[in-house]
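Enquirer: Coordinates in structure35.csv, CSV, C-alpha atoms, are listed below.
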```csv
chain,number,residue,atom,x,y,z
A,1,MET,CA,60.5,-16.2,-2.7
A,2,ALA,CA,56.8,-15.7,-2.7
A,3,PRO,CA,55.3,-14.5,-6.0
A,4,GLN,CA,55.0,-10.7,-6.4
A,5,VAL,CA,52.0,-9.2,-8.1
A,6,SER,CA,51.9,-5.6,-9.4
A,7,ALA,CA,49.9,-3.6,-11.9
A,8,VAL,CA,51.9,-2.4,-14.8
A,9,THR,CA,49.4,-0.6,-17.1
A,10,ASP,CA,46.5,1.8,-16.8
A,11,PRO,CA,43.1,0.1,-16.5
A,12,VAL,CA,41.1,-0.8,-19.6
A,13,LEU,CA,37.5,-2.0,-19.8
A,14,LEU,CA,38.1,-5.5,-20.9
A,15,GLY,CA,41.7,-6.4,-21.3
A,16,GLU,CA,42.4,-9.7,-23.1
A,17,GLY,CA,44.7,-11.6,-25.4
A,18,PRO,CA,48.2,-10.8,-24.0
A,19,HIS,CA,51.0,-11.7,-26.4
A,20,TRP,CA,54.6,-11.3,-25.5
A,21,ASP,CA,56.7,-10.3,-28.5
A,22,ASP,CA,60.1,-12.0,-27.9
A,23,LYS,CA,61.8,-10.0,-30.7
A,24,GLU,CA,60.6,-6.6,-29.6
A,25,GLN,CA,60.6,-7.5,-25.8
A,26,VAL,CA,57.1,-5.8,-25.4
A,27,LEU,CA,53.7,-7.0,-24.5
A,28,TYR,CA,50.7,-6.6,-26.8
A,29,PHE,CA,47.1,-7.0,-25.6
A,30,VAL,CA,43.6,-5.7,-26.5
A,31,SER,CA,40.6,-4.1,-24.8
A,32,ILE,CA,37.6,-5.7,-26.5
A,33,PHE,CA,34.9,-3.1,-25.9
A,34,ASP,CA,37.3,-0.1,-26.0
A,35,ARG,CA,38.0,-1.3,-29.6
A,36,SER,CA,41.6,-0.9,-29.0
A,37,ILE,CA,45.0,-2.6,-29.3
A,38,HIS,CA,47.7,-2.0,-26.7
A,39,ARG,CA,51.5,-2.1,-26.3
A,40,TYR,CA,53.4,-2.2,-23.0
A,41,ASP,CA,57.1,-1.8,-23.0
A,42,PRO,CA,58.5,-3.0,-19.6
A,43,ALA,CA,61.9,-1.3,-20.3
A,44,SER,CA,60.4,2.2,-20.6
A,45,LYS,CA,57.2,1.5,-18.7
A,46,GLN,CA,55.3,3.0,-21.6
A,47,HIS,CA,51.7,2.0,-22.4
A,48,THR,CA,50.4,3.0,-25.8
A,49,ARG,CA,47.2,2.2,-27.6
A,50,SER,CA,45.3,2.7,-30.9
A,51,VAL,CA,41.6,2.5,-31.5
A,52,LEU,CA,40.2,0.5,-34.4
A,53,ASP,CA,36.7,0.5,-36.0
A,54,ASP,CA,35.1,-2.4,-34.1
A,55,VAL,CA,35.3,-4.7,-31.1
A,56,VAL,CA,38.8,-6.3,-30.9
A,57,GLY,CA,39.2,-10.0,-29.9
A,58,PHE,CA,43.0,-10.5,-30.1
A,59,ILE,CA,46.3,-9.3,-31.6
A,60,VAL,CA,49.1,-11.6,-32.8
A,61,PRO,CA,52.2,-10.4,-34.8
A,62,ILE,CA,52.6,-11.7,-38.3
A,63,GLU,CA,55.9,-13.6,-39.0
A,64,GLY,CA,58.3,-11.8,-41.3
A,65,LYS,CA,56.3,-8.5,-41.4
A,66,ARG,CA,57.5,-6.1,-38.7
A,67,HIS,CA,54.7,-4.0,-37.2
A,68,HIS,CA,52.0,-6.1,-39.0
A,69,PHE,CA,49.5,-8.0,-36.9
A,70,VAL,CA,46.5,-10.3,-37.3
A,71,VAL,CA,43.7,-8.8,-35.3
A,72,GLY,CA,40.2,-10.1,-34.6
A,73,LEU,CA,37.7,-7.3,-35.5
A,74,LYS,CA,34.2,-8.5,-34.6
A,75,ARG,CA,34.0,-11.4,-37.1
A,76,ARG,CA,36.8,-10.3,-39.4
A,77,ILE,CA,40.4,-11.7,-39.3
A,78,ALA,CA,42.2,-8.5,-40.3
A,79,GLU,CA,45.7,-7.5,-41.0
A,80,VAL,CA,46.7,-4.3,-39.1
A,81,VAL,CA,49.9,-2.3,-39.4
A,82,TRP,CA,50.9,-0.4,-36.2
A,83,ASP,CA,54.2,1.1,-35.2
A,84,GLY,CA,53.2,1.0,-31.5
A,85,LYS,CA,52.6,4.7,-31.2
A,86,ASP,CA,49.4,6.2,-29.9
A,87,GLY,CA,46.6,6.3,-32.5
A,88,THR,CA,48.5,5.1,-35.5
A,89,ALA,CA,47.1,1.7,-36.3
A,90,LYS,CA,45.5,1.0,-39.7
A,91,VAL,CA,43.6,-2.0,-41.1
A,92,VAL,CA,45.2,-2.9,-44.4
A,93,ARG,CA,43.1,-5.9,-45.4
A,94,THR,CA,40.6,-8.5,-44.3
A,95,ILE,CA,42.1,-12.0,-44.5
A,96,THR,CA,38.8,-13.8,-44.0
A,97,GLU,CA,35.5,-13.6,-42.1
A,98,VAL,CA,33.9,-16.2,-39.9
A,99,ASP,CA,30.4,-16.9,-38.5
A,100,LYS,CA,28.6,-15.3,-41.4
A,101,HIS,CA,25.5,-17.3,-40.4
A,102,ASN,CA,25.6,-15.4,-37.0
A,103,PRO,CA,26.3,-11.8,-37.9
A,104,ASP,CA,26.1,-10.5,-34.4
A,105,ASN,CA,28.8,-12.9,-33.1
A,106,ARG,CA,32.3,-11.7,-32.3
A,107,LEU,CA,35.8,-13.1,-32.1
A,108,ASN,CA,36.8,-13.6,-28.5
A,109,ASP,CA,40.3,-15.2,-28.4
A,110,GLY,CA,43.0,-16.1,-30.9
A,111,LYS,CA,46.6,-17.4,-30.9
A,112,ALA,CA,49.0,-18.9,-33.4
A,113,ASP,CA,49.9,-22.5,-33.0
A,114,PRO,CA,53.5,-23.7,-33.0
A,115,ARG,CA,53.5,-23.7,-36.8
A,116,GLY,CA,52.0,-20.3,-37.2
A,117,ARG,CA,48.4,-21.3,-38.0
A,118,LEU,CA,45.8,-19.0,-36.4
A,119,PHE,CA,43.4,-20.7,-34.0
A,120,ALA,CA,40.5,-18.2,-33.3
A,121,GLY,CA,37.2,-18.6,-31.5
A,122,THR,CA,33.9,-16.8,-31.3
A,123,MET,CA,30.9,-16.2,-29.0
A,124,GLY,CA,27.3,-15.1,-29.3
A,125,TYR,CA,26.1,-11.5,-29.2
A,126,GLU,CA,26.7,-9.9,-25.8
A,127,TYR,CA,23.6,-7.7,-25.2
A,128,GLU,CA,24.9,-6.5,-21.8
A,129,PRO,CA,28.1,-7.2,-19.9
A,130,GLY,CA,28.1,-10.9,-19.0
A,131,LYS,CA,24.9,-11.7,-20.8
A,132,PHE,CA,25.0,-13.2,-24.3
A,133,TYR,CA,23.3,-15.7,-26.6
A,134,HIS,CA,24.6,-19.2,-25.8
A,135,LYS,CA,25.9,-22.0,-28.0
A,136,LYS,CA,26.4,-19.6,-31.0
A,137,GLY,CA,30.2,-19.7,-31.1
A,138,ALA,CA,32.8,-21.9,-32.7
A,139,LEU,CA,36.5,-22.5,-32.9
A,140,TYR,CA,38.4,-22.1,-36.2
A,141,ARG,CA,41.8,-22.7,-37.6
A,142,ILE,CA,42.9,-20.2,-40.3
A,143,ASP,CA,45.8,-21.6,-42.3
A,144,PRO,CA,48.5,-19.3,-43.9
A,145,ASP,CA,46.6,-19.4,-47.3
A,146,GLY,CA,43.5,-18.1,-45.5
A,147,LYS,CA,41.6,-21.4,-45.6
A,148,VAL,CA,39.2,-21.7,-42.7
A,149,THR,CA,38.5,-25.0,-40.9
A,150,THR,CA,35.9,-25.4,-38.2
A,151,LEU,CA,37.4,-27.3,-35.2
A,152,ALA,CA,34.5,-27.1,-32.7
A,153,ASP,CA,31.0,-25.6,-32.7
A,154,ASN,CA,28.1,-25.1,-30.3
A,155,VAL,CA,30.4,-23.1,-28.2
A,156,ASP,CA,29.4,-20.5,-25.5
A,157,ILE,CA,32.6,-18.6,-25.1
A,158,SER,CA,35.8,-19.6,-26.9
A,159,ASN,CA,38.8,-19.3,-24.6
A,160,GLY,CA,42.1,-20.8,-23.5
A,161,LEU,CA,44.2,-22.0,-26.5
A,162,CYS,CA,47.6,-23.4,-25.7
A,163,TRP,CA,49.7,-26.3,-27.0
A,164,ASP,CA,52.1,-28.9,-25.5
A,165,VAL,CA,54.0,-30.2,-28.5
A,166,LYS,CA,55.8,-32.8,-26.4
A,167,GLU,CA,52.5,-34.3,-25.2
A,168,LYS,CA,50.8,-33.7,-28.6
A,169,ALA,CA,48.1,-31.8,-26.7
A,170,PHE,CA,45.9,-28.8,-27.3
A,171,TYR,CA,44.1,-27.2,-24.4
A,172,TYR,CA,40.9,-25.3,-24.8
A,173,ALA,CA,38.1,-23.9,-22.7
A,174,ASP,CA,34.5,-23.2,-23.5
A,175,SER,CA,34.2,-21.0,-20.5
A,176,PHE,CA,30.6,-21.9,-19.5
A,177,GLU,CA,31.6,-25.6,-19.2
A,178,TYR,CA,33.7,-24.5,-16.2
A,179,ALA,CA,36.3,-27.0,-17.3
A,180,ILE,CA,39.3,-27.5,-19.5
A,181,ARG,CA,39.4,-29.7,-22.6
A,182,ARG,CA,42.4,-31.6,-23.9
A,183,TYR,CA,42.5,-32.5,-27.6
A,184,ASP,CA,45.1,-34.7,-29.3
A,185,TYR,CA,47.1,-32.3,-31.5
A,186,ASP,CA,48.8,-33.1,-34.8
A,187,ILE,CA,51.5,-30.5,-35.3
A,188,GLU,CA,52.0,-31.4,-38.9
A,189,THR,CA,48.4,-30.8,-39.9
A,190,GLY,CA,47.0,-28.6,-37.1
A,191,ASP,CA,44.2,-31.0,-36.6
A,192,ILE,CA,42.7,-31.6,-33.2
A,193,THR,CA,40.8,-34.8,-32.2
A,194,LYS,CA,39.5,-36.8,-29.2
A,195,PRO,CA,38.3,-34.0,-26.9
A,196,ARG,CA,38.0,-34.9,-23.2
A,197,PHE,CA,37.9,-32.9,-19.9
A,198,VAL,CA,41.1,-32.9,-17.9
A,199,PHE,CA,40.1,-30.4,-15.2
A,200,ASP,CA,36.7,-29.4,-13.8
A,201,TYR,CA,36.2,-26.3,-11.6
A,202,LYS,CA,33.5,-27.9,-9.4
A,203,ASP,CA,35.8,-30.8,-8.5
A,204,HIS,CA,38.1,-28.3,-6.9
A,205,GLY,CA,35.6,-25.9,-5.3
A,206,LEU,CA,36.4,-23.1,-7.7
A,207,ASN,CA,34.0,-20.2,-8.4
A,208,GLY,CA,33.9,-18.1,-11.6
A,209,ILE,CA,34.7,-19.3,-15.1
A,210,VAL,CA,37.7,-20.5,-17.1
A,211,ASP,CA,39.2,-17.7,-19.2
A,212,GLY,CA,42.5,-17.4,-21.1
A,213,MET,CA,45.4,-19.6,-20.3
A,214,THR,CA,49.1,-20.3,-21.0
A,215,ILE,CA,51.5,-23.2,-20.5
A,216,ASP,CA,54.9,-23.4,-18.8
A,217,THR,CA,57.9,-25.5,-19.9
A,218,ASP,CA,56.9,-28.2,-17.3
A,219,GLY,CA,53.6,-28.7,-19.1
A,220,ASN,CA,51.5,-27.0,-16.4
A,221,LEU,CA,48.6,-24.6,-17.2
A,222,TRP,CA,48.2,-21.1,-15.8
A,223,VAL,CA,44.6,-20.2,-16.1
A,224,ALA,CA,42.8,-16.9,-15.6
A,225,ASN,CA,39.9,-17.5,-13.2
A,226,PHE,CA,37.3,-14.8,-14.3
A,227,ASP,CA,35.1,-13.7,-11.3
A,228,GLY,CA,37.6,-15.5,-9.1
A,229,HIS,CA,40.2,-12.9,-8.2
A,230,GLN,CA,43.0,-15.3,-9.2
A,231,VAL,CA,45.3,-17.2,-11.6
A,232,ILE,CA,45.5,-20.9,-11.0
A,233,LYS,CA,48.2,-23.4,-11.8
A,234,ILE,CA,47.0,-26.8,-13.0
A,235,ASP,CA,48.7,-30.0,-13.8
A,236,PRO,CA,46.5,-31.2,-16.8
A,237,LYS,CA,48.0,-34.6,-16.9
A,238,LYS,CA,46.9,-35.4,-13.4
A,239,GLY,CA,44.0,-33.0,-13.1
A,240,LYS,CA,45.5,-31.4,-10.1
A,241,LEU,CA,45.2,-27.9,-8.8
A,242,LEU,CA,48.8,-26.9,-7.8
A,243,GLN,CA,48.6,-23.2,-6.9
A,244,LYS,CA,46.4,-20.2,-6.6
A,245,ILE,CA,47.7,-16.6,-6.9
A,246,ARG,CA,45.4,-13.8,-5.9
A,247,ILE,CA,45.1,-10.9,-8.3
A,248,PRO,CA,43.7,-7.5,-7.1
A,249,ALA,CA,40.9,-7.6,-9.7
A,250,LEU,CA,37.8,-9.8,-9.8
A,251,GLN,CA,37.6,-10.2,-13.5
A,252,VAL,CA,40.9,-11.9,-14.4
A,253,THR,CA,40.9,-12.6,-18.2
A,254,SER,CA,44.1,-14.1,-19.6
A,255,ALA,CA,47.8,-14.7,-19.0
A,256,THR,CA,51.1,-15.2,-20.9
A,257,PHE,CA,54.7,-15.5,-20.0
A,258,GLY,CA,57.1,-12.8,-21.0
A,259,GLY,CA,60.3,-10.9,-20.0
A,260,PRO,CA,63.8,-11.6,-21.3
A,261,ASN,CA,63.8,-15.0,-19.6
A,262,LEU,CA,60.1,-15.8,-20.2
A,263,ASP,CA,59.7,-16.1,-16.4
A,264,VAL,CA,57.3,-13.1,-15.8
A,265,LEU,CA,53.6,-13.9,-16.0
A,266,TYR,CA,51.6,-11.1,-17.5
A,267,VAL,CA,47.9,-11.2,-16.6
A,268,THR,CA,45.1,-9.1,-18.1
A,269,SER,CA,41.9,-8.1,-16.4
A,270,ALA,CA,38.6,-6.2,-16.8
A,271,CYS,CA,36.7,-3.6,-14.9
A,272,MET,CA,33.1,-4.2,-16.3
A,273,ASN,CA,30.3,-3.0,-14.1
A,274,ARG,CA,28.0,-6.0,-13.9
A,275,GLY,CA,26.0,-4.7,-10.9
A,276,GLU,CA,29.1,-3.6,-8.9
A,277,GLU,CA,31.7,-0.9,-9.8
A,278,GLN,CA,35.2,-2.4,-10.4
A,279,LYS,CA,37.6,0.2,-9.1
A,280,PRO,CA,41.4,0.5,-10.0
A,281,PRO,CA,43.6,-1.5,-10.3
A,282,CYS,CA,40.8,-3.6,-11.8
A,283,GLY,CA,41.2,-3.5,-15.6
A,284,SER,CA,45.0,-3.2,-15.3
A,285,THR,CA,47.5,-5.7,-16.8
A,286,PHE,CA,49.6,-7.2,-13.9
A,287,GLN,CA,52.9,-8.8,-13.8
A,288,ILE,CA,53.8,-11.7,-11.5
A,289,THR,CA,57.4,-12.4,-10.7
A,290,GLY,CA,59.0,-15.0,-8.5
A,291,LEU,CA,57.0,-18.0,-9.8
A,292,GLY,CA,60.1,-20.2,-10.4
A,293,VAL,CA,58.9,-21.3,-13.8
A,294,LYS,CA,59.3,-20.3,-17.4
A,295,GLY,CA,57.0,-20.2,-20.4
A,296,HIS,CA,57.4,-20.8,-24.1
A,297,PRO,CA,57.9,-18.0,-26.7
A,298,ASN,CA,54.5,-17.0,-28.2
A,299,ALA,CA,54.2,-18.0,-31.8
A,300,GLU,CA,53.7,-15.5,-34.6
A,301,ALA,CA,51.0,-16.0,-37.2
A,302,LYS,CA,51.9,-17.0,-40.8
A,303,PHE,CA,49.9,-15.5,-43.7
A,304,ASN,CA,50.7,-15.5,-47.4
```
For the structure just supplied, provide its representation as structure tokens.

Expert:
Amino acid sequence: MAPQVSAVTDPVLLGEGPHWDDKEQVLYFVSIFDRSIHRYDPASKQHTRSVLDDVVGFIVPIEGKRHHFVVGLKRRIAEVVWDGKDGTAKVVRTITEVDKHNPDNRLNDGKADPRGRLFAGTMGYEYEPGKFYHKKGALYRIDPDGKVTTLADNVDISNGLCWDVKEKAFYYADSFEYAIRRYDYDIETGDITKPRFVFDYKDHGLNGIVDGMTIDTDGNLWVANFDGHQVIKIDPKKGKLLQKIRIPALQVTSATFGGPNLDVLYVTSACMNRGEEQKPPCGSTFQITGLGVKGHPNAEAKFN
């Protein structure tokens, strides 16, 4: 069966950071410039949202604390409590703050690693959609005790973030490299070492940039191709492009597997006007079924 693509939520300005909550069987995501966190329940088809006090980079549930989330709020790593209803989210504390030396930076992507450590990255100030100060960002690891470790710096746009425990690999994208990095990953410490490129867009005739990504149980990457109208499937071990799936939105931003069997790919998108109006369904979150693969459960973040 050919993959089936359909929009499942209302459009937002800059959808990002999809996280499938396996316990609740719902999808969380953010809209960065709308300053909002979102919840989509496939069973009821209900899409709810809550606006916070600054630009929002990501949302990840906190382990052992129902309805508590770690959220990137500009440069703050914040704990937010939200029951999933419209307009009810509240920030309860700031866990830490990053990039104090670049106060106009913002967090752009964040996920928990398989042990619950938060990996979160930043980018420089975006003075208009798609235009920002380069090489100002970094990638950080925030441990459960709040300790912050810098993993990479001199970053344009921090994106990607996924782990293959069996291969001891961490995959990451600095979007304006137009390529995907692989690091050696130590699950016991959370350290990453020996970065190298495993896939380069120009080698495969791809336009646009590397945005968010996820990994399936075969070890293949599913990468959002921003400005490319598509999600691409990559074998990072061989550097091969395996599949392209067209999305009815130009600005495809991220992806994660969800559904009861973790075989539905949820894909976020944006509808930013960067010289051309992006009409609906641009900005929607889409679901792709019939892929014949499954993903891993998304990890929750651990914080003391």

Enquirer: Closest to Tyr140 in chain A among A:Lys85, A:Arg93, A:Lys23, A:Arg75, using all atoms listed in the file?

Expert: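 Of the candidates, the smallest distance to Tyr140 in chain A is held by A:Arg75.
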
Enquirer: Tell me which of A:Phe257, A:Phe132, A:Trp222, A:Tyr201 sits closest to Pro297 in chain A, counting all atoms listed in the file.

Expert: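 Closest to Pro297 in chain A of all the choices is A:Phe257.
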
Enquirer: From the set A:Gly137, A:Gly87, A:Pro280, A:Gly228, which residue has the shortest atom-to-atom contact distance to Val8 in chain A, counting all atoms listed in the file?

Expert: A:Pro280

Enquirer: Could you give me, as a tab-separated table, every range 47-165 of chain A residue with an atom at most 10 Å from range 210-217 of chain A, plus its closest atom pair and distance in Å to one decimal, counting all atoms listed in the file, rows ordered by chain then number?

Expert:
```
residue	atom	partner	partner_atom	distance
A:Asp109	CA	A:Gly212	CA	7.9
A:Gly110	CA	A:Gly212	CA	9.9
A:Ile157	CA	A:Asp211	CA	8.9
A:Ser158	CA	A:Asp211	CA	8.6
A:Asn159	CA	A:Gly212	CA	5.4
A:Gly160	CA	A:Gly212	CA	4.2
A:Leu161	CA	A:Met213	CA	6.8
A:Cys162	CA	A:Thr214	CA	5.8
A:Trp163	CA	A:Ile215	CA	7.4
A:Asp164	CA	A:Ile215	CA	7.6
```

Enquirer: Point out the residue among A:Pro114, A:Gly124, A:Pro61, A:Gly130 with the least atom-to-atom distance to Asp186 in chain A, counting all atoms listed in the file.

Expert: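 Once distances to Asp186 in chain A are computed over all atoms listed in the file, the minimum belongs to A:Pro114.
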
Enquirer: I'd like the contact shell of Leu291 in chain A - 9 Å cut-off, all atoms listed in the file, skipping same-chain residues fewer than 6 positions apart - returned as a PyMOL selection string.

Expert: chain A and resi 1-4+263-265

Enquirer: Find, counting only C-alpha atoms, the residue in A:Arg117, A:Lys65, A:Arg246, A:His101 that gets nearest to Gly146 in chain A.

Expert: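 Using only C-alpha atoms, Gly146 in chain A sits closest to A:Arg117.
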
Enquirer: Write out as a PyMOL selection string each polymer residue whose atoms come within 10 Å of Asp203 in chain A, counting only C-alpha atoms; drop sequence neighbours fewer than 5 positions from it.

Expert: chain A and resi 179+239-241

Enquirer: Include C-alpha atoms and write out the residues we just selected as a PDB file, keeping the file's coordinate frame.

Expert:
```pdb
ATOM      1  CA  ALA A 179      36.300 -27.000 -17.300  1.00  0.00           C
ATOM      2  CA  GLY A 239      44.000 -33.000 -13.100  1.00  0.00           C
ATOM      3  CA  LYS A 240      45.500 -31.400 -10.100  1.00  0.00           C
ATOM      4  CA  LEU A 241      45.200 -27.900  -8.800  1.00  0.00           C
TER       5      LEU A 241
END
```

Enquirer: For CA of Lys147 in chain A and CA of Val71 in chain A, determine how far apart the two atoms are, in Å to one decimal place.

Expert: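 Rounded to one decimal, the two atoms are 16.4 Å apart.
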
Enquirer: Considering only C-alpha atoms, return as a list in words whatever protein or nucleic-acid residues lie within 9 Å of Gly84 in chain A, sequence-local ones (same chain, fewer than 6 positions apart) excluded.

Expert: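 With the cut-off at 9 Å, the set is His38, Arg39, Thr48, Arg49, Ser50 and His67 of chain A.
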
Enquirer: Could you work out how far CA of Val60 in chain A lies from CA of Thr150 in chain A, giving the answer in Å with one decimal?

Expert: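 Separation of CA of Thr150 in chain A and CA of Val60 in chain A: 19.8 Å.
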
Enquirer: Here is a test: counting all atoms listed in the file, which residue of A:Leu250, A:Ile32, A:Ile187, A:Leu242 is nearest to His229 in chain A?

Expert: A:Leu250

Enquirer: Find the spatial neighbours of Leu107 in chain A, counting all atoms listed in the file, within a cut-off of 8 Å - ignore same-chain residues fewer than 3 positions away - and output them as a compact mmCIF listing (two decimals) with C-alpha atoms, in the coordinates of the input.

Expert:
```txt
# COMPACT_ATOMS: atom_id res chain seq x y z
CA VAL A 56 38.80 -6.30 -30.90
CA GLY A 57 39.20 -10.00 -29.90
CA PHE A 58 43.00 -10.50 -30.10
CA GLY A 72 40.20 -10.10 -34.60
CA LEU A 73 37.70 -7.30 -35.50
CA LYS A 74 34.20 -8.50 -34.60
CA ARG A 75 34.00 -11.40 -37.10
CA ARG A 76 36.80 -10.30 -39.40
CA GLY A 110 43.00 -16.10 -30.90
CA ALA A 120 40.50 -18.20 -33.30
CA GLY A 121 37.20 -18.60 -31.50
CA THR A 122 33.90 -16.80 -31.30
CA MET A 123 30.90 -16.20 -29.00
```

Enquirer: For CA of Lys202 in chain A and CA of Gly219 in chain A, determine how far apart the two atoms are, in Å to one decimal place.

Expert: 22.3 Å

Enquirer: Which residues come within 12 Å of Glu188 in chain A, counting only C-alpha atoms, excluding same-chain residues fewer than 2 positions away, as number ranges by chain?

Expert: A: 113-117, 165, 168, 185-186, 190-192
